[in-house]
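K.L.:
Sending over a structure as structure tokens; questions will come in a sec.
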Amino acid sequence: MKRYHPLLVSLHWVLALMILVALVMGSNVLAALPNDHPDKMFSLRGHMSIGIIVGVLMIVRLVTRLRSAHPPKADTGNGFLNFAGGAAHWVLYILVFLMVASGMGIAMGAGLPDIVFFGSGAPLPESFDHLVPRTAHGILSKLLMLTIVAHIAGWAYHQFKLKDGLFSRMWFGNRDA
């Protein structure tokens with residue numbers, strides 16, 4: 001077997017896009033808008049919706065990953081790089097789950113579900129900075145961005161230096177081709 005399960009491949013690319021959108025929304029859009037800005041509620045609703053969907057899809061992805069056959073581990077010819085590559089994949093899972101959990105912590109601590117999704121009419125809190133999960137969410141987002149950059153650097157190393165066709169394992173096609 002040379003490719004990952006088709007569901008894993010699909011989830012990889014859908015989640016990659018959703019996570020990047022959530023990171024951009026959080027670090028650029030939401031960070032730039034004060035909580036009393038009229039567009040904040042719409043942006044927050046989108047960010048929170050993406051976060052919820054990412055959480056659900058990550059559970060599906062993890063279960064599929066643990067239950068499906070997958071190609072042998074990639075070999076760079078360097079023990080440290082092999083370890084780092086494998087560890088980075090699990091760190092991505094952990095960071096995404098922690099981002100979802102800390103986002104849920106912010107939402108619960110600030111009463112956001114009622115305000116954002118159920119139209120309670122209450123205003124957003126003046127700030128989320130007093131919430132411990134908010135601090136964690138900010139730190140985790142930076143760690144996730146760095147890990148994504150490392151993941152992309154690993155892809156580039158395999159694609160352009162090793163030229164080992166590793167990319168095809170996480171792309172669409174016959175699993176045995």
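Each chain of the structure tokens is named A, B, ... in the order shown, its residues numbered from 1; ligands are numbered from 1 in display order.
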In segment 68-124 of chain A, what's helix (DSSP H, G or I) per DSSP? Answer as an MDAnalysis selection string?

P.N.:
chainID A and resid 79:110 112:117

K.L.:
Using only C-alpha atoms, which residues sit within 10 Å of Met170 of chain A once same-chain residues fewer than 5 positions away are excluded, as a PyMOL selection string?

P.N.:
chain A and resi 2-6+8-10+12-13+175

K.L.:
Save the residues we just selected, N, CA and C atoms, as a PDB file, in the first residue's frame?

P.N.:
ATOM      1  N   LYS A   2       0.555   2.139  -0.905  1.00  0.00           N
ATOM      2  CA  LYS A   2       1.397   3.323  -1.068  1.00  0.00           C
ATOM      3  C   LYS A   2       0.707   4.621  -0.671  1.00  0.00           C
ATOM      4  N   ARG A   3      -0.607   4.570  -0.486  1.00  0.00           N
ATOM      5  CA  ARG A   3      -1.346   5.790  -0.155  1.00  0.00           C
ATOM      6  C   ARG A   3      -2.166   5.587   1.113  1.00  0.00           C
ATOM      7  N   TYR A   4      -2.494   6.710   1.736  1.00  0.00           N
ATOM      8  CA  TYR A   4      -3.374   6.671   2.896  1.00  0.00           C
ATOM      9  C   TYR A   4      -4.811   6.428   2.451  1.00  0.00           C
ATOM     10  N   HIS A   5      -5.635   6.037   3.394  1.00  0.00           N
ATOM     11  CA  HIS A   5      -7.055   5.803   3.157  1.00  0.00           C
ATOM     12  C   HIS A   5      -7.663   7.058   2.515  1.00  0.00           C
ATOM     13  N   PRO A   6      -8.549   6.888   1.523  1.00  0.00           N
ATOM     14  CA  PRO A   6      -9.133   8.054   0.846  1.00  0.00           C
ATOM     15  C   PRO A   6      -9.825   9.040   1.800  1.00  0.00           C
ATOM     16  N   LEU A   8      -8.854   9.671   4.856  1.00  0.00           N
ATOM     17  CA  LEU A   8      -7.769  10.436   5.486  1.00  0.00           C
ATOM     18  C   LEU A   8      -7.242  11.511   4.544  1.00  0.00           C
ATOM     19  N   VAL A   9      -7.111  11.156   3.282  1.00  0.00           N
ATOM     20  CA  VAL A   9      -6.624  12.126   2.290  1.00  0.00           C
ATOM     21  C   VAL A   9      -7.599  13.297   2.194  1.00  0.00           C
ATOM     22  N   SER A  10      -8.881  12.982   2.061  1.00  0.00           N
ATOM     23  CA  SER A  10      -9.892  14.040   1.966  1.00  0.00           C
ATOM     24  C   SER A  10      -9.893  14.915   3.216  1.00  0.00           C
ATOM     25  N   HIS A  12      -7.485  15.355   5.346  1.00  0.00           N
ATOM     26  CA  HIS A  12      -6.237  16.117   5.431  1.00  0.00           C
ATOM     27  C   HIS A  12      -6.395  17.463   4.736  1.00  0.00           C
ATOM     28  N   TRP A  13      -6.889  17.443   3.504  1.00  0.00           N
ATOM     29  CA  TRP A  13      -6.955  18.667   2.713  1.00  0.00           C
ATOM     30  C   TRP A  13      -8.085  19.585   3.159  1.00  0.00           C
ATOM     31  N   ARG A 175      -4.806   3.274  -3.995  1.00  0.00           N
ATOM     32  CA  ARG A 175      -3.976   3.108  -2.799  1.00  0.00           C
ATOM     33  C   ARG A 175      -2.763   2.222  -3.048  1.00  0.00           C
TER      34      ARG A 175
END

K.L.:
At a cut-off of 10 Å, can you tabulate as CSV every residue of segment 52-99 of chain A near segment 135-159 of chain A together with its closest atom pair and the distance in Å to one decimal, using only C-alpha atoms and ordering rows by chain then number?

P.N.:
residue,atom,partner,partner_atom,distance
A:Ala74,CA,A:His158,CA,9.3
A:Asp75,CA,A:His158,CA,9.6
A:Thr76,CA,A:His158,CA,7.8
A:Leu81,CA,A:Gly154,CA,9.0
A:Ala84,CA,A:Gly154,CA,9.5
A:Gly85,CA,A:Gly154,CA,7.2
A:Ala88,CA,A:Thr147,CA,6.9
A:His89,CA,A:His151,CA,7.8
A:Val91,CA,A:Thr147,CA,7.7
A:Leu92,CA,A:Thr147,CA,6.7
A:Tyr93,CA,A:Leu144,CA,9.7
A:Ile94,CA,A:Leu144,CA,9.4
A:Leu95,CA,A:Leu144,CA,6.0
A:Val96,CA,A:Leu144,CA,7.3
A:Leu98,CA,A:Leu140,CA,7.4
A:Met99,CA,A:His137,CA,5.8

K.L.:
Residues near Pro125 of chain A, anyone? I mean within 12 Å using only C-alpha atoms, not counting same-chain ones fewer than 6 positions away, as a ChimeraX atom specification.

P.N.:
/A:34-37,40-41,106-107,109-112,115-116,131

K.L.:
Give the answer as one residue: which of A:Phe118, A:Gly79, A:Ala22, A:Asn174 has the shortest atom-to-atom distance to Met48 of chain A, using only C-alpha atoms?

P.N.:
A:Ala22

K.L.:
To one decimal place, how far is atom CA of Val29 of chain A from atom CA of Ser43 of chain A in Å?

P.N.:
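That distance, rounded to one decimal, is 7.4 Å.
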
K.L.:
Can you tell me, as JSON, numbers by chain, what residues are no more than 12 Å from Val14 of chain A when counting only C-alpha atoms, ignoring any on the same chain fewer than 5 positions away?

P.N.:
{"A": [7, 8, 9, 19, 20, 21, 50, 53, 54, 57, 58, 61]}

K.L.:
What is the distance, in Å and to one decimal place, between atom CA of Arg45 of chain A and atom CA of Ser27 of chain A?

P.N.:
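Between atom CA of Arg45 of chain A and atom CA of Ser27 of chain A the gap works out to 15.1 Å.
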
K.L.:
Using only C-alpha atoms, which protein or nucleic acid residues come within 12 Å of Gly77 of chain A? Drop anything in the same chain fewer than 4 positions from it, and give the result as a list in words.

P.N.:
Lys73, Leu81, Asn82, Phe83, His158, Leu162 and Asp164 of chain A

K.L.:
Which one of A:Ser102, A:Asn28, A:Ser127, A:Ser68 sits closest to Gly55 of chain A if you count only C-alpha atoms?

P.N.:
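Nearest candidate to Gly55 of chain A out of A:Ser102, A:Asn28, A:Ser127, A:Ser68: A:Ser102.
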
K.L.:
Kindly give the distance, in Å, that separates atom CA of Gly121 of chain A and atom CA of Met18 of chain A, rounded to a single decimal.

P.N.:
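According to the coordinates, atom CA of Gly121 of chain A and atom CA of Met18 of chain A are separated by 28.4 Å.
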
K.L.:
Could you tell me which of A:Ala16, A:Arg65, A:Leu124, A:Leu23 comes closest to Asp39 of chain A if we count only C-alpha atoms?

P.N.:
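The closest residue to Asp39 of chain A is A:Leu124.
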
K.L.:
So, counting only C-alpha atoms, which residue among A:Leu11, A:Val24, A:Met108, A:Ala32 is closest to Ile59 of chain A?

P.N.:
A:Leu11
